[in-house]
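Enquirer: As input, take protein-v5.tsv (TSV, N, CA and C atoms):
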```
chain	number	residue	atom	x	y	z
A	1	MET	N	11.49	1.51	-16.50
A	1	MET	CA	11.20	0.20	-17.05
A	1	MET	C	11.72	-0.87	-16.09
A	2	GLU	N	11.02	-1.96	-16.06
A	2	GLU	CA	11.44	-3.09	-15.24
A	2	GLU	C	11.61	-4.29	-16.16
A	3	THR	N	12.74	-4.97	-16.02
A	3	THR	CA	13.01	-6.16	-16.83
A	3	THR	C	12.55	-7.38	-16.04
A	4	VAL	N	11.72	-8.21	-16.69
A	4	VAL	CA	11.15	-9.39	-16.05
A	4	VAL	C	11.42	-10.61	-16.93
A	5	GLN	N	11.85	-11.70	-16.29
A	5	GLN	CA	12.05	-12.94	-17.03
A	5	GLN	C	10.72	-13.66	-17.11
A	6	VAL	N	10.29	-13.95	-18.32
A	6	VAL	CA	9.00	-14.62	-18.54
A	6	VAL	C	9.26	-16.05	-19.01
A	7	GLU	N	8.21	-16.76	-19.31
A	7	GLU	CA	8.29	-18.16	-19.69
A	7	GLU	C	9.30	-18.39	-20.82
A	8	GLY	N	10.05	-19.46	-20.73
A	8	GLY	CA	11.01	-19.81	-21.76
A	8	GLY	C	12.33	-19.07	-21.64
A	9	GLY	N	12.56	-18.40	-20.50
A	9	GLY	CA	13.81	-17.70	-20.30
A	9	GLY	C	13.92	-16.38	-21.05
A	10	ILE	N	12.84	-15.95	-21.65
A	10	ILE	CA	12.82	-14.68	-22.38
A	10	ILE	C	12.65	-13.54	-21.38
A	11	THR	N	13.35	-12.45	-21.62
A	11	THR	CA	13.15	-11.27	-20.77
A	11	THR	C	12.39	-10.21	-21.54
A	12	GLU	N	11.51	-9.54	-20.84
A	12	GLU	CA	10.73	-8.45	-21.43
A	12	GLU	C	10.80	-7.25	-20.50
A	13	GLU	N	10.66	-6.07	-21.08
A	13	GLU	CA	10.64	-4.84	-20.29
A	13	GLU	C	9.22	-4.33	-20.20
A	14	PHE	N	8.84	-3.94	-18.99
A	14	PHE	CA	7.51	-3.41	-18.73
A	14	PHE	C	7.64	-2.04	-18.09
A	15	PRO	N	6.75	-1.11	-18.45
A	15	PRO	CA	6.79	0.19	-17.77
A	15	PRO	C	6.43	0.00	-16.30
A	16	LEU	N	7.12	0.70	-15.45
A	16	LEU	CA	6.89	0.58	-14.02
A	16	LEU	C	6.41	1.92	-13.49
A	17	HIS	N	5.25	1.91	-12.88
A	17	HIS	CA	4.68	3.12	-12.31
A	17	HIS	C	4.46	2.88	-10.82
A	18	GLU	N	5.20	3.57	-9.99
A	18	GLU	CA	5.05	3.42	-8.55
A	18	GLU	C	4.61	4.73	-7.95
A	19	ARG	N	3.81	4.63	-6.92
A	19	ARG	CA	3.39	5.80	-6.15
A	19	ARG	C	3.62	5.48	-4.69
A	20	TYR	N	4.02	6.48	-3.96
A	20	TYR	CA	4.27	6.31	-2.54
A	20	TYR	C	3.34	7.23	-1.77
A	21	TYR	N	2.69	6.69	-0.76
A	21	TYR	CA	1.75	7.45	0.05
A	21	TYR	C	2.16	7.35	1.51
A	22	VAL	N	1.75	8.33	2.28
A	22	VAL	CA	1.99	8.30	3.72
A	22	VAL	C	0.64	8.28	4.43
A	23	TYR	N	0.65	7.76	5.64
A	23	TYR	CA	-0.59	7.60	6.39
A	23	TYR	C	-1.40	8.90	6.53
A	24	PRO	N	-0.78	10.03	6.90
A	24	PRO	CA	-1.60	11.25	7.06
A	24	PRO	C	-2.37	11.63	5.79
A	25	LEU	N	-1.73	11.50	4.63
A	25	LEU	CA	-2.41	11.84	3.38
A	25	LEU	C	-3.55	10.87	3.10
A	26	LEU	N	-3.29	9.57	3.24
A	26	LEU	CA	-4.34	8.58	2.98
A	26	LEU	C	-5.51	8.72	3.93
A	27	SER	N	-5.24	8.97	5.20
A	27	SER	CA	-6.34	9.11	6.16
A	27	SER	C	-7.17	10.36	5.85
A	28	ARG	N	-6.53	11.46	5.43
A	28	ARG	CA	-7.29	12.65	5.03
A	28	ARG	C	-8.15	12.37	3.81
A	29	GLN	N	-7.60	11.63	2.85
A	29	GLN	CA	-8.38	11.28	1.66
A	29	GLN	C	-9.58	10.42	2.04
A	30	MET	N	-9.39	9.50	2.97
A	30	MET	CA	-10.51	8.67	3.42
A	30	MET	C	-11.56	9.52	4.14
A	31	GLU	N	-11.11	10.47	4.97
A	31	GLU	CA	-12.06	11.36	5.65
A	31	GLU	C	-12.85	12.17	4.64
A	32	THR	N	-12.19	12.67	3.60
A	32	THR	CA	-12.87	13.43	2.55
A	32	THR	C	-13.90	12.57	1.84
A	33	ALA	N	-13.64	11.28	1.73
A	33	ALA	CA	-14.57	10.35	1.08
A	33	ALA	C	-15.69	9.91	2.02
A	34	GLY	N	-15.69	10.40	3.27
A	34	GLY	CA	-16.78	10.10	4.19
A	34	GLY	C	-16.50	9.01	5.20
A	35	PHE	N	-15.29	8.51	5.27
A	35	PHE	CA	-14.95	7.48	6.24
A	35	PHE	C	-14.62	8.10	7.60
A	36	GLY	N	-14.88	7.35	8.65
A	36	GLY	CA	-14.54	7.77	10.00
A	36	GLY	C	-13.85	6.65	10.72
A	37	ASN	N	-13.42	6.89	11.96
A	37	ASN	CA	-12.73	5.88	12.77
A	37	ASN	C	-11.60	5.21	12.00
A	38	ILE	N	-10.77	6.00	11.36
A	38	ILE	CA	-9.71	5.48	10.50
A	38	ILE	C	-8.50	5.11	11.35
A	39	VAL	N	-8.01	3.90	11.13
A	39	VAL	CA	-6.80	3.43	11.80
A	39	VAL	C	-5.88	2.81	10.76
A	40	GLY	N	-4.58	2.83	11.03
A	40	GLY	CA	-3.62	2.24	10.10
A	40	GLY	C	-2.72	1.27	10.82
A	41	PHE	N	-2.28	0.26	10.11
A	41	PHE	CA	-1.41	-0.78	10.65
A	41	PHE	C	-0.24	-1.02	9.72
A	42	GLY	N	0.89	-1.43	10.27
A	42	GLY	CA	2.03	-1.82	9.46
A	42	GLY	C	1.77	-3.18	8.83
A	43	ALA	N	2.30	-3.38	7.61
A	43	ALA	CA	2.05	-4.64	6.92
A	43	ALA	C	3.23	-4.98	6.01
A	44	SER	N	3.35	-6.26	5.74
A	44	SER	CA	4.25	-6.78	4.72
A	44	SER	C	3.37	-7.56	3.76
A	45	PRO	N	3.80	-7.76	2.51
A	45	PRO	CA	2.94	-8.49	1.57
A	45	PRO	C	2.46	-9.82	2.13
A	46	GLY	N	1.16	-9.96	2.24
A	46	GLY	CA	0.55	-11.18	2.74
A	46	GLY	C	0.62	-11.38	4.24
A	47	ARG	N	1.19	-10.43	4.97
A	47	ARG	CA	1.32	-10.55	6.43
A	47	ARG	C	0.77	-9.29	7.08
A	48	TYR	N	-0.46	-9.35	7.49
A	48	TYR	CA	-1.12	-8.20	8.09
A	48	TYR	C	-1.28	-8.41	9.58
A	49	SER	N	-1.18	-7.33	10.33
A	49	SER	CA	-1.29	-7.45	11.78
A	49	SER	C	-1.82	-6.15	12.35
A	50	GLY	N	-1.94	-6.10	13.64
A	50	GLY	CA	-2.42	-4.90	14.32
A	50	GLY	C	-1.28	-4.06	14.88
A	51	ARG	N	-0.09	-4.18	14.32
A	51	ARG	CA	1.04	-3.43	14.86
A	51	ARG	C	1.11	-2.03	14.28
A	52	ALA	N	1.78	-1.16	14.98
A	52	ALA	CA	1.91	0.23	14.56
A	52	ALA	C	2.72	0.34	13.26
A	53	ILE	N	2.43	1.37	12.49
A	53	ILE	CA	3.15	1.63	11.23
A	53	ILE	C	4.57	2.09	11.56
A	54	SER	N	5.55	1.54	10.84
A	54	SER	CA	6.93	1.99	10.99
A	54	SER	C	7.52	2.27	9.61
A	55	VAL	N	8.64	2.94	9.58
A	55	VAL	CA	9.29	3.25	8.30
A	55	VAL	C	9.84	1.99	7.63
A	56	GLU	N	9.91	0.90	8.35
A	56	GLU	CA	10.39	-0.37	7.79
A	56	GLU	C	9.31	-1.12	7.02
A	57	ASP	N	8.05	-0.71	7.15
A	57	ASP	CA	6.96	-1.44	6.52
A	57	ASP	C	6.87	-1.12	5.03
A	58	PRO	N	6.87	-2.15	4.18
A	58	PRO	CA	6.71	-1.90	2.75
A	58	PRO	C	5.26	-1.56	2.39
A	59	GLU	N	4.32	-1.90	3.25
A	59	GLU	CA	2.91	-1.61	3.01
A	59	GLU	C	2.26	-1.15	4.31
A	60	ILE	N	1.16	-0.45	4.15
A	60	ILE	CA	0.32	-0.13	5.31
A	60	ILE	C	-1.11	-0.53	4.97
A	61	LEU	N	-1.85	-0.84	5.99
A	61	LEU	CA	-3.25	-1.22	5.85
A	61	LEU	C	-4.08	-0.20	6.58
A	62	LEU	N	-5.03	0.40	5.89
A	62	LEU	CA	-5.94	1.37	6.52
A	62	LEU	C	-7.32	0.75	6.61
A	63	TYR	N	-7.98	1.06	7.71
A	63	TYR	CA	-9.33	0.57	7.96
A	63	TYR	C	-10.16	1.78	8.38
A	64	GLY	N	-11.35	1.87	7.81
A	64	GLY	CA	-12.25	2.96	8.19
A	64	GLY	C	-13.69	2.50	8.05
A	65	VAL	N	-14.58	3.25	8.69
A	65	VAL	CA	-16.01	2.92	8.65
A	65	VAL	C	-16.73	4.05	7.92
A	66	LYS	N	-17.58	3.67	7.00
A	66	LYS	CA	-18.38	4.67	6.29
A	66	LYS	C	-19.84	4.44	6.62
A	67	PRO	N	-20.43	5.44	7.31
A	67	PRO	CA	-21.84	5.27	7.73
A	67	PRO	C	-22.79	5.23	6.54
```
Could you show the structure in this file as structure tokens?
Expert:
Amino acid sequence: METVQVEGGITEEFPLHERYYVYPLLSRQMETAGFGNIVGFGASPGRYSGRAISVEDPEILLYGVKP
């Protein structure tokens, strides 16, 4: 559960469901779905770039082409 402060200073608890993925798994899933030329980039929320993925990245961006 995650506690969040909402309007009026009231706090509410919400169920939190997180999943963690790694690039090799995601790229295989994309290949299975018919995508090719798959590349991945390191990202932070709202800040995307063409830099390599590192363990410091909270997000990754995958790009692929589906014929």
Enquirer: Check the smallest atom-to-atom distance from each of A:Val65, A:Met1, A:Leu16, A:Ile53 to Ala33 (chain A) using only C-alpha atoms, then report the winner.
Expert: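 Smallest separation from Ala33 (chain A) among the options: A:Val65.
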Enquirer: For the atom pair CA of Glu18 (chain A) and CA of Ser44 (chain A), what is the interatomic distance in Å to one decimal place?
Expert: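 Result for CA of Glu18 (chain A) versus CA of Ser44 (chain A): 16.8 Å, one decimal.
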Enquirer: Check the DSSP output for the backbone and give back, as a PDB file with N, CA and C atoms, in the frame of the given file, the residues of chain A in alpha helix (DSSP H).
Expert:
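As written to disk, out-v7.pdb reads:
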```pdb
ATOM      1  N   TYR A  23       0.650   7.760   5.640  1.00  0.00           N
ATOM      2  CA  TYR A  23      -0.590   7.600   6.390  1.00  0.00           C
ATOM      3  C   TYR A  23      -1.400   8.900   6.530  1.00  0.00           C
ATOM      4  N   PRO A  24      -0.780  10.030   6.900  1.00  0.00           N
ATOM      5  CA  PRO A  24      -1.600  11.250   7.060  1.00  0.00           C
ATOM      6  C   PRO A  24      -2.370  11.630   5.790  1.00  0.00           C
ATOM      7  N   LEU A  25      -1.730  11.500   4.630  1.00  0.00           N
ATOM      8  CA  LEU A  25      -2.410  11.840   3.380  1.00  0.00           C
ATOM      9  C   LEU A  25      -3.550  10.870   3.100  1.00  0.00           C
ATOM     10  N   LEU A  26      -3.290   9.570   3.240  1.00  0.00           N
ATOM     11  CA  LEU A  26      -4.340   8.580   2.980  1.00  0.00           C
ATOM     12  C   LEU A  26      -5.510   8.720   3.930  1.00  0.00           C
ATOM     13  N   SER A  27      -5.240   8.970   5.200  1.00  0.00           N
ATOM     14  CA  SER A  27      -6.340   9.110   6.160  1.00  0.00           C
ATOM     15  C   SER A  27      -7.170  10.360   5.850  1.00  0.00           C
ATOM     16  N   ARG A  28      -6.530  11.460   5.430  1.00  0.00           N
ATOM     17  CA  ARG A  28      -7.290  12.650   5.030  1.00  0.00           C
ATOM     18  C   ARG A  28      -8.150  12.370   3.810  1.00  0.00           C
ATOM     19  N   GLN A  29      -7.600  11.630   2.850  1.00  0.00           N
ATOM     20  CA  GLN A  29      -8.380  11.280   1.660  1.00  0.00           C
ATOM     21  C   GLN A  29      -9.580  10.420   2.040  1.00  0.00           C
ATOM     22  N   MET A  30      -9.390   9.500   2.970  1.00  0.00           N
ATOM     23  CA  MET A  30     -10.510   8.670   3.420  1.00  0.00           C
ATOM     24  C   MET A  30     -11.560   9.520   4.140  1.00  0.00           C
ATOM     25  N   GLU A  31     -11.110  10.470   4.970  1.00  0.00           N
ATOM     26  CA  GLU A  31     -12.060  11.360   5.650  1.00  0.00           C
ATOM     27  C   GLU A  31     -12.850  12.170   4.640  1.00  0.00           C
ATOM     28  N   THR A  32     -12.190  12.670   3.600  1.00  0.00           N
ATOM     29  CA  THR A  32     -12.870  13.430   2.550  1.00  0.00           C
ATOM     30  C   THR A  32     -13.900  12.570   1.840  1.00  0.00           C
TER      31      THR A  32
END
```
Enquirer: At a cut-off of 8 Å, using only N, CA and C atoms, what residues contact Pro45 (chain A)? Leave out same-chain residues fewer than 6 positions from it and give the result as a list of chain:residue names.
Expert: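 Surrounding residues, per the criterion: A:Asp57, A:Pro58, A:Glu59, A:Ile60.
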Enquirer: Taking all listed atoms of region 5-16 of chain A, build the axis-aligned box, pad each of the six sides by 8 Å, then write its centre and edge lengths in Å to one decimal as lines of an AutoDock Vina configuration file.
Expert:
```
center_x = 10.2
center_y = -8.9
center_z = -17.9
size_x = 23.5
size_y = 37.7
size_z = 24.9
```
Enquirer: Mind listing the strand (DSSP E or B) residues of chain A, per DSSP on the backbone, as a VMD selection string?
Expert: chain A and resid 2 to 5 11 to 14 36 to 44 47 to 48 59 to 65
Enquirer: Name all residues at most 8 Å from region 19-23 of chain A (count only N, CA and C atoms; drop same-chain ones fewer than 5 positions away) and give them as a PyMOL selection string.
Expert: chain A and resi 28-29+40+60
Enquirer: Excluding same-chain residues fewer than 4 positions from Glu12 (chain A), what lies within 7 Å of it counting only N, CA and C atoms, as a PyMOL selection string?
Expert: chain A and resi 2-6
Enquirer: Got time to write the residues from that selection, N, CA and C atoms, as a short mmCIF file (atom, residue, chain, number, x, y, z; two decimals), in the coordinates of the input?
Expert:
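Output saved as out12.cif:
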```cif
data_model
loop_
_atom_site.label_atom_id
_atom_site.label_comp_id
_atom_site.auth_asym_id
_atom_site.auth_seq_id
_atom_site.Cartn_x
_atom_site.Cartn_y
_atom_site.Cartn_z
N GLU A 2 11.02 -1.96 -16.06
CA GLU A 2 11.44 -3.09 -15.24
C GLU A 2 11.61 -4.29 -16.16
N THR A 3 12.74 -4.97 -16.02
CA THR A 3 13.01 -6.16 -16.83
C THR A 3 12.55 -7.38 -16.04
N VAL A 4 11.72 -8.21 -16.69
CA VAL A 4 11.15 -9.39 -16.05
C VAL A 4 11.42 -10.61 -16.93
N GLN A 5 11.85 -11.70 -16.29
CA GLN A 5 12.05 -12.94 -17.03
C GLN A 5 10.72 -13.66 -17.11
N VAL A 6 10.29 -13.95 -18.32
CA VAL A 6 9.00 -14.62 -18.54
C VAL A 6 9.26 -16.05 -19.01
#
```
Enquirer: Report, in Å to a single decimal, how far apart CA of Gly34 (chain A) and CA of Arg51 (chain A) are.
Expert: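 These atoms are spaced 24.8 Å apart.
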Enquirer: Measuring atom to atom with all atoms listed in the file, identify which of A:Leu26, A:Glu56, A:Gly64, A:Pro15 is nearest to Val39 (chain A).
Expert: A:Gly64
Enquirer: Taking all atoms listed in the file into account, which of A:Tyr48, A:His17, A:Phe41, A:Phe35 comes nearest Leu61 (chain A)?
Expert: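 Smallest separation from Leu61 (chain A) among the options: A:Phe41.
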Enquirer: What does the distance between CA of Leu62 (chain A) and CA of Phe14 (chain A) come to in Å, to one decimal place?
Expert: 29.0 Å
